[in-house]
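This is run-v4.pdb (PDB, N, CA and C atoms).
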ATOM      1  N   MET A  99    -164.609 118.311  35.828
ATOM      2  CA  MET A  99    -165.954 118.675  36.178
ATOM      3  C   MET A  99    -166.198 118.232  37.616
ATOM      4  N   THR A 100    -166.765 119.097  38.415
ATOM      5  CA  THR A 100    -167.035 118.753  39.794
ATOM      6  C   THR A 100    -168.381 118.066  39.925
ATOM      7  N   GLN A 101    -168.541 117.365  41.022
ATOM      8  CA  GLN A 101    -169.806 116.679  41.255
ATOM      9  C   GLN A 101    -170.938 117.679  41.433
ATOM     10  N   ALA A 102    -170.659 118.874  41.933
ATOM     11  CA  ALA A 102    -171.691 119.879  42.157
ATOM     12  C   ALA A 102    -172.323 120.348  40.848
ATOM     13  N   THR A 103    -171.616 120.207  39.740
ATOM     14  CA  THR A 103    -172.136 120.639  38.446
ATOM     15  C   THR A 103    -173.400 119.890  38.072
ATOM     16  N   HIS A 104    -173.464 118.628  38.385
ATOM     17  CA  HIS A 104    -174.624 117.832  37.993
ATOM     18  C   HIS A 104    -175.412 117.255  39.164
ATOM     19  N   LYS A 105    -175.041 117.606  40.366
ATOM     20  CA  LYS A 105    -175.747 117.096  41.540
ATOM     21  C   LYS A 105    -177.203 117.594  41.527
ATOM     22  N   GLY A 106    -178.130 116.692  41.745
ATOM     23  CA  GLY A 106    -179.541 117.054  41.793
ATOM     24  C   GLY A 106    -180.233 117.055  40.445
ATOM     25  N   ARG A 107    -179.478 116.851  39.374
ATOM     26  CA  ARG A 107    -180.080 116.807  38.035
ATOM     27  C   ARG A 107    -180.540 115.374  37.781
ATOM     28  N   THR A 108    -181.815 115.137  38.014
ATOM     29  CA  THR A 108    -182.328 113.775  37.933
ATOM     30  C   THR A 108    -183.409 113.588  36.876
ATOM     31  N   LEU A 109    -183.839 114.661  36.226
ATOM     32  CA  LEU A 109    -184.965 114.563  35.304
ATOM     33  C   LEU A 109    -184.545 114.627  33.841
ATOM     34  N   ILE A 110    -185.377 114.030  33.008
ATOM     35  CA  ILE A 110    -185.278 114.168  31.567
ATOM     36  C   ILE A 110    -186.439 115.061  31.144
ATOM     37  N   ALA A 111    -186.164 116.108  30.399
ATOM     38  CA  ALA A 111    -187.214 116.969  29.842
ATOM     39  C   ALA A 111    -187.372 116.624  28.371
ATOM     40  N   ALA A 112    -188.546 116.942  27.813
ATOM     41  CA  ALA A 112    -188.789 116.603  26.417
ATOM     42  C   ALA A 112    -189.643 117.658  25.742
ATOM     43  N   ILE A 113    -189.271 117.954  24.497
ATOM     44  CA  ILE A 113    -190.060 118.809  23.616
ATOM     45  C   ILE A 113    -190.295 117.986  22.368
ATOM     46  N   GLY A 114    -191.550 117.695  22.081
ATOM     47  CA  GLY A 114    -191.797 116.826  20.941
ATOM     48  C   GLY A 114    -193.237 116.828  20.485
ATOM     49  N   ASP A 115    -193.482 116.032  19.460
ATOM     50  CA  ASP A 115    -194.848 115.891  18.959
ATOM     51  C   ASP A 115    -195.642 115.014  19.931
ATOM     52  N   GLU A 116    -196.933 114.925  19.698
ATOM     53  CA  GLU A 116    -197.812 114.223  20.629
ATOM     54  C   GLU A 116    -197.426 112.756  20.818
ATOM     55  N   ASP A 117    -197.104 112.069  19.741
ATOM     56  CA  ASP A 117    -196.745 110.656  19.851
ATOM     57  C   ASP A 117    -195.471 110.454  20.669
ATOM     58  N   THR A 118    -194.480 111.285  20.434
ATOM     59  CA  THR A 118    -193.210 111.172  21.163
ATOM     60  C   THR A 118    -193.413 111.437  22.648
ATOM     61  N   ILE A 119    -194.100 112.522  22.974
ATOM     62  CA  ILE A 119    -194.315 112.869  24.385
ATOM     63  C   ILE A 119    -195.172 111.806  25.071
ATOM     64  N   THR A 120    -196.199 111.326  24.397
ATOM     65  CA  THR A 120    -197.035 110.274  24.985
ATOM     66  C   THR A 120    -196.198 109.048  25.318
ATOM     67  N   GLY A 121    -195.351 108.626  24.391
ATOM     68  CA  GLY A 121    -194.480 107.482  24.641
ATOM     69  C   GLY A 121    -193.538 107.709  25.806
ATOM     70  N   LEU A 122    -192.953 108.894  25.869
ATOM     71  CA  LEU A 122    -192.029 109.199  26.964
ATOM     72  C   LEU A 122    -192.759 109.267  28.302
ATOM     73  N   LEU A 123    -193.969 109.829  28.298
ATOM     74  CA  LEU A 123    -194.744 109.882  29.540
ATOM     75  C   LEU A 123    -195.137 108.481  29.998
ATOM     76  N   LEU A 124    -195.504 107.621  29.050
ATOM     77  CA  LEU A 124    -195.827 106.236  29.407
ATOM     78  C   LEU A 124    -194.601 105.499  29.938
ATOM     79  N   ALA A 125    -193.420 105.911  29.493
ATOM     80  CA  ALA A 125    -192.183 105.305  29.981
ATOM     81  C   ALA A 125    -191.792 105.831  31.360
ATOM     82  N   GLY A 126    -192.469 106.902  31.809
ATOM     83  CA  GLY A 126    -192.248 107.361  33.176
ATOM     84  C   GLY A 126    -191.442 108.624  33.358
ATOM     85  N   ILE A 127    -191.209 109.412  32.313
ATOM     86  CA  ILE A 127    -190.383 110.608  32.508
ATOM     87  C   ILE A 127    -191.178 111.817  32.995
ATOM     88  N   GLY A 128    -192.499 111.745  32.990
ATOM     89  CA  GLY A 128    -193.317 112.901  33.348
ATOM     90  C   GLY A 128    -193.124 113.348  34.785
ATOM     91  N   HIS A 129    -193.033 114.665  34.978
ATOM     92  CA  HIS A 129    -192.853 115.229  36.314
ATOM     93  C   HIS A 129    -193.380 116.656  36.321
ATOM     94  N   ILE A 130    -194.042 117.016  37.395
ATOM     95  CA  ILE A 130    -194.462 118.408  37.604
ATOM     96  C   ILE A 130    -193.854 118.832  38.932
ATOM     97  N   ASP A 131    -193.071 119.924  38.898
ATOM     98  CA  ASP A 131    -192.362 120.334  40.108
ATOM     99  C   ASP A 131    -193.270 121.113  41.060
ATOM    100  N   ALA A 132    -192.707 121.576  42.153
ATOM    101  CA  ALA A 132    -193.466 122.286  43.185
ATOM    102  C   ALA A 132    -194.082 123.590  42.680
ATOM    103  N   HIS A 133    -193.532 124.133  41.594
ATOM    104  CA  HIS A 133    -194.053 125.368  41.002
ATOM    105  C   HIS A 133    -195.032 125.085  39.873
ATOM    106  N   GLN A 134    -195.492 123.826  39.780
ATOM    107  CA  GLN A 134    -196.446 123.385  38.757
ATOM    108  C   GLN A 134    -195.901 123.494  37.337
ATOM    109  N   ARG A 135    -194.587 123.320  37.177
ATOM    110  CA  ARG A 135    -193.961 123.353  35.858
ATOM    111  C   ARG A 135    -193.702 121.930  35.378
ATOM    112  N   PRO A 136    -194.318 121.525  34.253
ATOM    113  CA  PRO A 136    -194.046 120.187  33.727
ATOM    114  C   PRO A 136    -192.672 120.138  33.057
ATOM    115  N   ASN A 137    -192.139 118.945  32.907
ATOM    116  CA  ASN A 137    -190.840 118.778  32.253
ATOM    117  C   ASN A 137    -191.010 118.333  30.799
ATOM    118  N   PHE A 138    -192.130 118.726  30.183
ATOM    119  CA  PHE A 138    -192.370 118.353  28.784
ATOM    120  C   PHE A 138    -193.227 119.404  28.105
ATOM    121  N   LEU A 139    -193.134 119.425  26.773
ATOM    122  CA  LEU A 139    -193.966 120.304  25.949
ATOM    123  C   LEU A 139    -194.393 119.516  24.723
ATOM    124  N   VAL A 140    -195.696 119.452  24.503
ATOM    125  CA  VAL A 140    -196.224 118.859  23.275
ATOM    126  C   VAL A 140    -196.306 119.986  22.256
ATOM    127  N   ALA A 141    -195.523 119.864  21.193
ATOM    128  CA  ALA A 141    -195.503 120.889  20.142
ATOM    129  C   ALA A 141    -196.234 120.357  18.917
ATOM    130  N   ASP A 142    -197.204 121.128  18.445
ATOM    131  CA  ASP A 142    -197.921 120.752  17.231
ATOM    132  C   ASP A 142    -197.923 121.939  16.273
ATOM    133  N   SER A 143    -198.727 121.866  15.238
ATOM    134  CA  SER A 143    -198.732 122.926  14.222
ATOM    135  C   SER A 143    -199.210 124.261  14.782
ATOM    136  N   LYS A 144    -199.909 124.243  15.911
ATOM    137  CA  LYS A 144    -200.403 125.478  16.514
ATOM    138  C   LYS A 144    -199.419 126.084  17.515
ATOM    139  N   THR A 145    -198.388 125.354  17.855
ATOM    140  CA  THR A 145    -197.405 125.825  18.825
ATOM    141  C   THR A 145    -196.477 126.836  18.151
ATOM    142  N   THR A 146    -196.350 128.000  18.747
ATOM    143  CA  THR A 146    -195.515 129.044  18.148
ATOM    144  C   THR A 146    -194.041 128.782  18.419
ATOM    145  N   GLN A 147    -193.212 129.316  17.549
ATOM    146  CA  GLN A 147    -191.765 129.202  17.727
ATOM    147  C   GLN A 147    -191.350 129.855  19.044
ATOM    148  N   ALA A 148    -191.984 130.970  19.380
ATOM    149  CA  ALA A 148    -191.653 131.679  20.617
ATOM    150  C   ALA A 148    -191.928 130.813  21.848
ATOM    151  N   SER A 149    -193.021 130.058  21.839
ATOM    152  CA  SER A 149    -193.320 129.219  23.001
ATOM    153  C   SER A 149    -192.348 128.041  23.100
ATOM    154  N   ILE A 150    -191.910 127.523  21.964
ATOM    155  CA  ILE A 150    -190.899 126.459  21.975
ATOM    156  C   ILE A 150    -189.576 127.009  22.510
ATOM    157  N   GLU A 151    -189.184 128.186  22.034
ATOM    158  CA  GLU A 151    -187.951 128.812  22.516
ATOM    159  C   GLU A 151    -188.028 129.093  24.014
ATOM    160  N   GLU A 152    -189.162 129.589  24.459
ATOM    161  CA  GLU A 152    -189.338 129.900  25.883
ATOM    162  C   GLU A 152    -189.228 128.638  26.735
ATOM    163  N   LYS A 153    -189.861 127.561  26.307
ATOM    164  CA  LYS A 153    -189.816 126.314  27.066
ATOM    165  C   LYS A 153    -188.407 125.728  27.069
ATOM    166  N   PHE A 154    -187.723 125.772  25.909
ATOM    167  CA  PHE A 154    -186.346 125.286  25.850
ATOM    168  C   PHE A 154    -185.464 126.077  26.818
ATOM    169  N   THR A 155    -185.587 127.382  26.790
ATOM    170  CA  THR A 155    -184.785 128.232  27.673
ATOM    171  C   THR A 155    -185.091 127.939  29.134
ATOM    172  N   SER A 156    -186.359 127.749  29.464
ATOM    173  CA  SER A 156    -186.699 127.446  30.860
ATOM    174  C   SER A 156    -186.130 126.096  31.285
ATOM    175  N   PHE A 157    -186.142 125.110  30.384
ATOM    176  CA  PHE A 157    -185.547 123.809  30.700
ATOM    177  C   PHE A 157    -184.041 123.944  30.944
ATOM    178  N   THR A 158    -183.352 124.750  30.156
ATOM    179  CA  THR A 158    -181.903 124.891  30.321
ATOM    180  C   THR A 158    -181.545 125.592  31.623
ATOM    181  N   GLN A 159    -182.463 126.344  32.184
ATOM    182  CA  GLN A 159    -182.188 127.079  33.421
ATOM    183  C   GLN A 159    -182.571 126.299  34.677
ATOM    184  N   ARG A 160    -183.342 125.249  34.512
ATOM    185  CA  ARG A 160    -183.741 124.449  35.673
ATOM    186  C   ARG A 160    -182.574 123.592  36.159
ATOM    187  N   LYS A 161    -182.418 123.513  37.466
ATOM    188  CA  LYS A 161    -181.301 122.779  38.074
ATOM    189  C   LYS A 161    -181.623 121.317  38.336
ATOM    190  N   ASP A 162    -182.859 120.889  38.001
ATOM    191  CA  ASP A 162    -183.225 119.491  38.229
ATOM    192  C   ASP A 162    -183.253 118.677  36.941
ATOM    193  N   ILE A 163    -182.953 119.292  35.813
ATOM    194  CA  ILE A 163    -182.991 118.605  34.520
ATOM    195  C   ILE A 163    -181.575 118.272  34.055
ATOM    196  N   ALA A 164    -181.362 117.003  33.712
ATOM    197  CA  ALA A 164    -180.057 116.535  33.245
ATOM    198  C   ALA A 164    -179.992 116.439  31.727
ATOM    199  N   ILE A 165    -181.110 116.064  31.097
ATOM    200  CA  ILE A 165    -181.145 115.832  29.653
ATOM    201  C   ILE A 165    -182.405 116.460  29.079
ATOM    202  N   ILE A 166    -182.273 117.106  27.933
ATOM    203  CA  ILE A 166    -183.419 117.610  27.195
ATOM    204  C   ILE A 166    -183.486 116.857  25.877
ATOM    205  N   LEU A 167    -184.584 116.126  25.671
ATOM    206  CA  LEU A 167    -184.823 115.436  24.408
ATOM    207  C   LEU A 167    -185.725 116.330  23.561
ATOM    208  N   ILE A 168    -185.380 116.500  22.293
ATOM    209  CA  ILE A 168    -186.195 117.312  21.406
ATOM    210  C   ILE A 168    -186.274 116.632  20.046
ATOM    211  N   ASN A 169    -187.485 116.561  19.507
ATOM    212  CA  ASN A 169    -187.630 116.005  18.158
ATOM    213  C   ASN A 169    -186.832 116.860  17.192
ATOM    214  N   GLN A 170    -186.127 116.205  16.286
ATOM    215  CA  GLN A 170    -185.259 116.938  15.373
ATOM    216  C   GLN A 170    -186.024 117.928  14.500
ATOM    217  N   HIS A 171    -187.224 117.570  14.052
ATOM    218  CA  HIS A 171    -187.969 118.500  13.204
ATOM    219  C   HIS A 171    -188.426 119.731  13.987
ATOM    220  N   ILE A 172    -188.597 119.616  15.288
ATOM    221  CA  ILE A 172    -188.920 120.775  16.127
ATOM    222  C   ILE A 172    -187.645 121.556  16.427
ATOM    223  N   ALA A 173    -186.543 120.854  16.588
ATOM    224  CA  ALA A 173    -185.256 121.522  16.818
ATOM    225  C   ALA A 173    -184.899 122.445  15.653
ATOM    226  N   GLU A 174    -185.297 122.052  14.449
ATOM    227  CA  GLU A 174    -185.033 122.902  13.280
ATOM    228  C   GLU A 174    -185.678 124.277  13.430
ATOM    229  N   ASP A 175    -186.822 124.349  14.113
ATOM    230  CA  ASP A 175    -187.516 125.626  14.307
ATOM    231  C   ASP A 175    -186.754 126.564  15.236
ATOM    232  N   ILE A 176    -185.935 125.997  16.125
ATOM    233  CA  ILE A 176    -185.177 126.844  17.058
ATOM    234  C   ILE A 176    -183.673 126.602  16.906
ATOM    235  N   ARG A 177    -183.245 126.290  15.699
ATOM    236  CA  ARG A 177    -181.849 125.939  15.427
ATOM    237  C   ARG A 177    -180.875 127.000  15.932
ATOM    238  N   GLY A 178    -181.219 128.270  15.802
ATOM    239  CA  GLY A 178    -180.325 129.336  16.262
ATOM    240  C   GLY A 178    -180.006 129.237  17.741
ATOM    241  N   ILE A 179    -181.019 129.017  18.540
ATOM    242  CA  ILE A 179    -180.815 128.883  19.989
ATOM    243  C   ILE A 179    -180.038 127.615  20.305
ATOM    244  N   LEU A 180    -180.359 126.529  19.625
ATOM    245  CA  LEU A 180    -179.643 125.272  19.867
ATOM    246  C   LEU A 180    -178.167 125.396  19.515
ATOM    247  N   ASP A 181    -177.865 126.050  18.422
ATOM    248  CA  ASP A 181    -176.466 126.203  18.012
ATOM    249  C   ASP A 181    -175.683 127.071  18.992
ATOM    250  N   GLU A 182    -176.349 128.018  19.639
ATOM    251  CA  GLU A 182    -175.685 128.888  20.617
ATOM    252  C   GLU A 182    -175.511 128.210  21.971
ATOM    253  N   TYR A 183    -176.332 127.220  22.268
ATOM    254  CA  TYR A 183    -176.296 126.552  23.567
ATOM    255  C   TYR A 183    -175.060 125.660  23.649
ATOM    256  N   SER A 184    -174.262 125.840  24.696
ATOM    257  CA  SER A 184    -173.020 125.077  24.784
ATOM    258  C   SER A 184    -172.771 124.459  26.162
ATOM    259  N   ALA A 185    -173.699 124.593  27.079
ATOM    260  CA  ALA A 185    -173.497 124.048  28.425
ATOM    261  C   ALA A 185    -173.529 122.520  28.406
ATOM    262  N   ALA A 186    -172.810 121.933  29.334
ATOM    263  CA  ALA A 186    -172.786 120.470  29.433
ATOM    264  C   ALA A 186    -174.075 119.931  30.041
ATOM    265  N   PHE A 187    -174.628 120.682  30.983
ATOM    266  CA  PHE A 187    -175.873 120.280  31.648
ATOM    267  C   PHE A 187    -176.881 121.401  31.578
ATOM    268  N   PRO A 188    -178.110 121.117  31.228
ATOM    269  CA  PRO A 188    -178.572 119.848  30.728
ATOM    270  C   PRO A 188    -178.084 119.585  29.306
ATOM    271  N   THR A 189    -177.833 118.343  29.023
ATOM    272  CA  THR A 189    -177.407 117.916  27.696
ATOM    273  C   THR A 189    -178.619 117.893  26.771
ATOM    274  N   VAL A 190    -178.438 118.345  25.535
ATOM    275  CA  VAL A 190    -179.529 118.373  24.563
ATOM    276  C   VAL A 190    -179.304 117.286  23.520
ATOM    277  N   LEU A 191    -180.308 116.432  23.349
ATOM    278  CA  LEU A 191    -180.228 115.364  22.356
ATOM    279  C   LEU A 191    -181.405 115.474  21.400
ATOM    280  N   GLU A 192    -181.112 115.463  20.110
ATOM    281  CA  GLU A 192    -182.154 115.497  19.091
ATOM    282  C   GLU A 192    -182.529 114.062  18.742
ATOM    283  N   ILE A 193    -183.832 113.814  18.711
ATOM    284  CA  ILE A 193    -184.322 112.461  18.460
ATOM    285  C   ILE A 193    -185.307 112.472  17.287
ATOM    286  N   PRO A 194    -185.473 111.343  16.628
ATOM    287  CA  PRO A 194    -186.437 111.274  15.527
ATOM    288  C   PRO A 194    -187.860 111.189  16.065
ATOM    289  N   SER A 195    -188.808 111.372  15.173
ATOM    290  CA  SER A 195    -190.203 111.132  15.519
ATOM    291  C   SER A 195    -190.763 110.112  14.542
ATOM    292  N   LYS A 196    -191.971 109.719  14.774
ATOM    293  CA  LYS A 196    -192.599 108.702  13.927
ATOM    294  C   LYS A 196    -192.677 109.168  12.476
ATOM    295  N   ASP A 197    -192.978 110.433  12.257
ATOM    296  CA  ASP A 197    -193.185 110.959  10.907
ATOM    297  C   ASP A 197    -191.966 111.647  10.306
ATOM    298  N   HIS A 198    -190.927 111.860  11.105
ATOM    299  CA  HIS A 198    -189.730 112.573  10.636
ATOM    300  C   HIS A 198    -188.488 111.783  11.030
ATOM    301  N   PRO A 199    -187.850 111.106  10.088
ATOM    302  CA  PRO A 199    -186.662 110.310  10.420
ATOM    303  C   PRO A 199    -185.492 111.188  10.850
ATOM    304  N   TYR A 200    -184.579 110.581  11.571
ATOM    305  CA  TYR A 200    -183.381 111.274  12.051
ATOM    306  C   TYR A 200    -182.444 111.565  10.893
ATOM    307  N   ASN A 201    -181.901 112.786  10.885
ATOM    308  CA  ASN A 201    -180.937 113.189   9.864
ATOM    309  C   ASN A 201    -179.672 113.668  10.572
ATOM    310  N   PRO A 202    -178.611 112.871  10.592
ATOM    311  CA  PRO A 202    -177.392 113.241  11.330
ATOM    312  C   PRO A 202    -176.771 114.554  10.848
ATOM    313  N   SER A 203    -176.950 114.904   9.583
ATOM    314  CA  SER A 203    -176.344 116.141   9.085
ATOM    315  C   SER A 203    -176.956 117.391   9.695
ATOM    316  N   LYS A 204    -178.143 117.266  10.289
ATOM    317  CA  LYS A 204    -178.798 118.418  10.912
ATOM    318  C   LYS A 204    -178.583 118.481  12.417
ATOM    319  N   ASP A 205    -178.029 117.461  13.008
ATOM    320  CA  ASP A 205    -177.878 117.377  14.461
ATOM    321  C   ASP A 205    -176.765 118.302  14.929
ATOM    322  N   SER A 206    -177.105 119.236  15.832
ATOM    323  CA  SER A 206    -176.125 120.212  16.308
ATOM    324  C   SER A 206    -175.027 119.562  17.151
ATOM    325  N   VAL A 207    -175.291 118.427  17.761
ATOM    326  CA  VAL A 207    -174.271 117.731  18.557
ATOM    327  C   VAL A 207    -173.164 117.192  17.667
ATOM    328  N   LEU A 208    -173.497 116.765  16.461
ATOM    329  CA  LEU A 208    -172.517 116.167  15.571
ATOM    330  C   LEU A 208    -171.741 117.185  14.746
ATOM    331  N   LYS A 209    -172.089 118.446  14.841
ATOM    332  CA  LYS A 209    -171.394 119.472  14.048
ATOM    333  C   LYS A 209    -170.121 119.913  14.708
TER     334      LYS A 209
END

As a first step, turn the structure in this file into structure tokens.
Amino acid sequence: MTQATHKGRTLIAAIGDEDTITGLLLAGIGHIDAHQRPNFLVADSKTTQASIEEKFTSFTQRKDIAIILINQHIAEDIRGILDEYSAAFPTVLEIPSKDHPYNPSKDSVLK
């Protein structure tokens, strides 16, 4: 792998429930780029699958994102896209949420 593959990828993006995103923002991962695009999406019961898929796809195409964190229960909603995604950067990691424990058997990275 060449250094150019990951050069400039300095951000962590996140797709998650309100508690997860709030915690990550308090930890300092929040960023809005020059095009007014945030590096996070708060997904709740009103968030459509299409908007989650669109945000995930936009994160994978951005050249400044190194890691995408996604709550596992939200990842289940877009499992097809996650299973098809195979690029090294940005890396996708499924994480638990307060109300939904981590289940390794569902994690696409471990399959």

Members of stretch 101-198 of chain A assigned alpha helix (DSSP H) by DSSP, as a PyMOL selection string: chain A and resi 101-104+116-125+147-159+170-173+177-182

Hits of the PyMOL selection byres ((chain A and resi 108-114) around 5) in this structure, as a list in words: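 Going through the file, the PyMOL selection byres ((chain A and resi 108-114) around 5) ends up selecting Gly106, Arg107, Asp115, Glu116, Asn137, Phe138, Leu139, Val140, Ala141, Asp162, Ile163, Ala164, Ile165, Ile166, Leu167, Ile168 and Asn169 of chain A.
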
Straight-line distance linking atom C of A:Arg160 with atom C of A:Phe187, stated in Å to one decimal: 7.6 Å

Nearest-residue call for A:Gln147, choices A:Pro194, A:Asp175, A:Leu180, A:Gln159, using all atoms listed in the file: A:Asp175

Chain A: residues DSSP assigns to strand (DSSP E or B), reported as a list in words: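 The residues of chain A classed as strand (DSSP E or B) are Leu109, Ile110, Ala111, Ala112, Ile113, Gly114, Ile130, Pro136, Phe138, Leu139, Val140, Ile163, Ala164, Ile165, Ile166, Leu167, Ile168, Asn169, Thr189, Val190, Leu191, Glu192 and Ile193 of chain A.
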
Selected residues written out with N, CA and C atoms, as a short mmCIF file (atom, residue, chain, number, x, y, z; two decimals), keeping the file's coordinate frame:
data_model
loop_
_atom_site.label_atom_id
_atom_site.label_comp_id
_atom_site.auth_asym_id
_atom_site.auth_seq_id
_atom_site.Cartn_x
_atom_site.Cartn_y
_atom_site.Cartn_z
N LEU A 109 -183.84 114.66 36.23
CA LEU A 109 -184.96 114.56 35.30
C LEU A 109 -184.54 114.63 33.84
N ILE A 110 -185.38 114.03 33.01
CA ILE A 110 -185.28 114.17 31.57
C ILE A 110 -186.44 115.06 31.14
N ALA A 111 -186.16 116.11 30.40
CA ALA A 111 -187.21 116.97 29.84
C ALA A 111 -187.37 116.62 28.37
N ALA A 112 -188.55 116.94 27.81
CA ALA A 112 -188.79 116.60 26.42
C ALA A 112 -189.64 117.66 25.74
N ILE A 113 -189.27 117.95 24.50
CA ILE A 113 -190.06 118.81 23.62
C ILE A 113 -190.30 117.99 22.37
N GLY A 114 -191.55 117.70 22.08
CA GLY A 114 -191.80 116.83 20.94
C GLY A 114 -193.24 116.83 20.48
N ILE A 130 -194.04 117.02 37.40
CA ILE A 130 -194.46 118.41 37.60
C ILE A 130 -193.85 118.83 38.93
N PRO A 136 -194.32 121.52 34.25
CA PRO A 136 -194.05 120.19 33.73
C PRO A 136 -192.67 120.14 33.06
N PHE A 138 -192.13 118.73 30.18
CA PHE A 138 -192.37 118.35 28.78
C PHE A 138 -193.23 119.40 28.10
N LEU A 139 -193.13 119.42 26.77
CA LEU A 139 -193.97 120.30 25.95
C LEU A 139 -194.39 119.52 24.72
N VAL A 140 -195.70 119.45 24.50
CA VAL A 140 -196.22 118.86 23.28
C VAL A 140 -196.31 119.99 22.26
N ILE A 163 -182.95 119.29 35.81
CA ILE A 163 -182.99 118.60 34.52
C ILE A 163 -181.58 118.27 34.06
N ALA A 164 -181.36 117.00 33.71
CA ALA A 164 -180.06 116.54 33.24
C ALA A 164 -179.99 116.44 31.73
N ILE A 165 -181.11 116.06 31.10
CA ILE A 165 -181.14 115.83 29.65
C ILE A 165 -182.40 116.46 29.08
N ILE A 166 -182.27 117.11 27.93
CA ILE A 166 -183.42 117.61 27.20
C ILE A 166 -183.49 116.86 25.88
N LEU A 167 -184.58 116.13 25.67
CA LEU A 167 -184.82 115.44 24.41
C LEU A 167 -185.72 116.33 23.56
N ILE A 168 -185.38 116.50 22.29
CA ILE A 168 -186.20 117.31 21.41
C ILE A 168 -186.27 116.63 20.05
N ASN A 169 -187.48 116.56 19.51
CA ASN A 169 -187.63 116.00 18.16
C ASN A 169 -186.83 116.86 17.19
N THR A 189 -177.83 118.34 29.02
CA THR A 189 -177.41 117.92 27.70
C THR A 189 -178.62 117.89 26.77
N VAL A 190 -178.44 118.34 25.54
CA VAL A 190 -179.53 118.37 24.56
C VAL A 190 -179.30 117.29 23.52
N LEU A 191 -180.31 116.43 23.35
CA LEU A 191 -180.23 115.36 22.36
C LEU A 191 -181.40 115.47 21.40
N GLU A 192 -181.11 115.46 20.11
CA GLU A 192 -182.15 115.50 19.09
C GLU A 192 -182.53 114.06 18.74
N ILE A 193 -183.83 113.81 18.71
CA ILE A 193 -184.32 112.46 18.46
C ILE A 193 -185.31 112.47 17.29
#

Å distance separating atom CA of A:Lys196 from atom CA of A:Thr146, one decimal place: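 Computing the Euclidean distance for atom CA of A:Lys196 and atom CA of A:Thr146 yields 21.0 Å.
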
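Atom C of A:Ser156 sits 19.1 Å away from atom C of A:Lys144.
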
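Proximity to A:Asp181 was assessed for A:Asp142, A:Val207, A:Glu151, A:His133 counting all atoms listed in the file; the smallest distance is recorded for A:Val207.
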
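Minimum atom-to-atom distances from A:Lys161, A:Gly126, A:Glu152, A:Pro199 to A:Ile176 were compared using only C-alpha atoms, and the lowest value belongs to A:Glu152.
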
Output, as JSON, the centre and edge lengths in Å (one decimal) of the axis-aligned box that contains all listed atoms of stretch 146-159 of chain A with 8 Å of margin on each side.
{"center_x": -188.9, "center_y": 127.7, "center_z": 26.1, "size_x": 30.8, "size_y": 23.9, "size_z": 33.1}

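For the choices A:Asp205, A:Thr118, A:Ser149, A:Pro188, the atom-to-atom distance to A:Lys105 is smallest for A:Pro188 when using only C-alpha atoms.
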
File output, stretch 100-137 of chain A (C-alpha atoms) as a short mmCIF file (atom, residue, chain, number, x, y, z; two decimals), in the first residue's frame:
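Result file follows (part.cif):
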data_model
loop_
_atom_site.label_atom_id
_atom_site.label_comp_id
_atom_site.auth_asym_id
_atom_site.auth_seq_id
_atom_site.Cartn_x
_atom_site.Cartn_y
_atom_site.Cartn_z
CA THR A 100 1.40 3.39 -0.91
CA GLN A 101 1.40 6.39 1.35
CA ALA A 102 -0.78 8.25 -1.16
CA THR A 103 -3.63 5.81 -0.47
CA HIS A 104 -4.24 7.23 2.97
CA LYS A 105 -2.54 10.62 2.83
CA GLY A 106 -4.87 13.38 4.02
CA ARG A 107 -7.34 10.99 5.65
CA THR A 108 -7.48 12.51 9.10
CA LEU A 109 -11.14 12.35 10.13
CA ILE A 110 -13.38 9.83 11.81
CA ALA A 111 -16.98 9.81 10.52
CA ALA A 112 -19.88 8.37 12.48
CA ILE A 113 -23.40 7.12 11.86
CA GLY A 114 -25.21 6.38 15.07
CA ASP A 115 -27.97 7.02 17.54
CA GLU A 116 -28.16 10.29 19.44
CA ASP A 117 -26.27 9.08 22.51
CA THR A 118 -23.40 7.63 20.47
CA ILE A 119 -23.00 10.71 18.26
CA THR A 120 -23.23 13.06 21.25
CA GLY A 121 -20.47 11.14 23.01
CA LEU A 122 -18.27 11.14 19.92
CA LEU A 123 -18.84 14.86 19.36
CA LEU A 124 -17.95 15.58 22.98
CA ALA A 125 -14.78 13.55 22.43
CA GLY A 126 -13.87 15.89 19.58
CA ILE A 127 -14.54 14.06 16.32
CA GLY A 128 -17.03 16.62 14.96
CA HIS A 129 -16.04 18.43 11.77
CA ILE A 130 -17.81 20.39 9.05
CA ASP A 131 -15.83 20.76 5.84
CA ALA A 132 -15.63 23.72 3.46
CA HIS A 133 -18.74 22.45 1.63
CA GLN A 134 -20.73 22.47 4.91
CA ARG A 135 -20.80 18.65 5.08
CA PRO A 136 -20.66 17.22 8.62
CA ASN A 137 -18.77 14.00 9.31
#
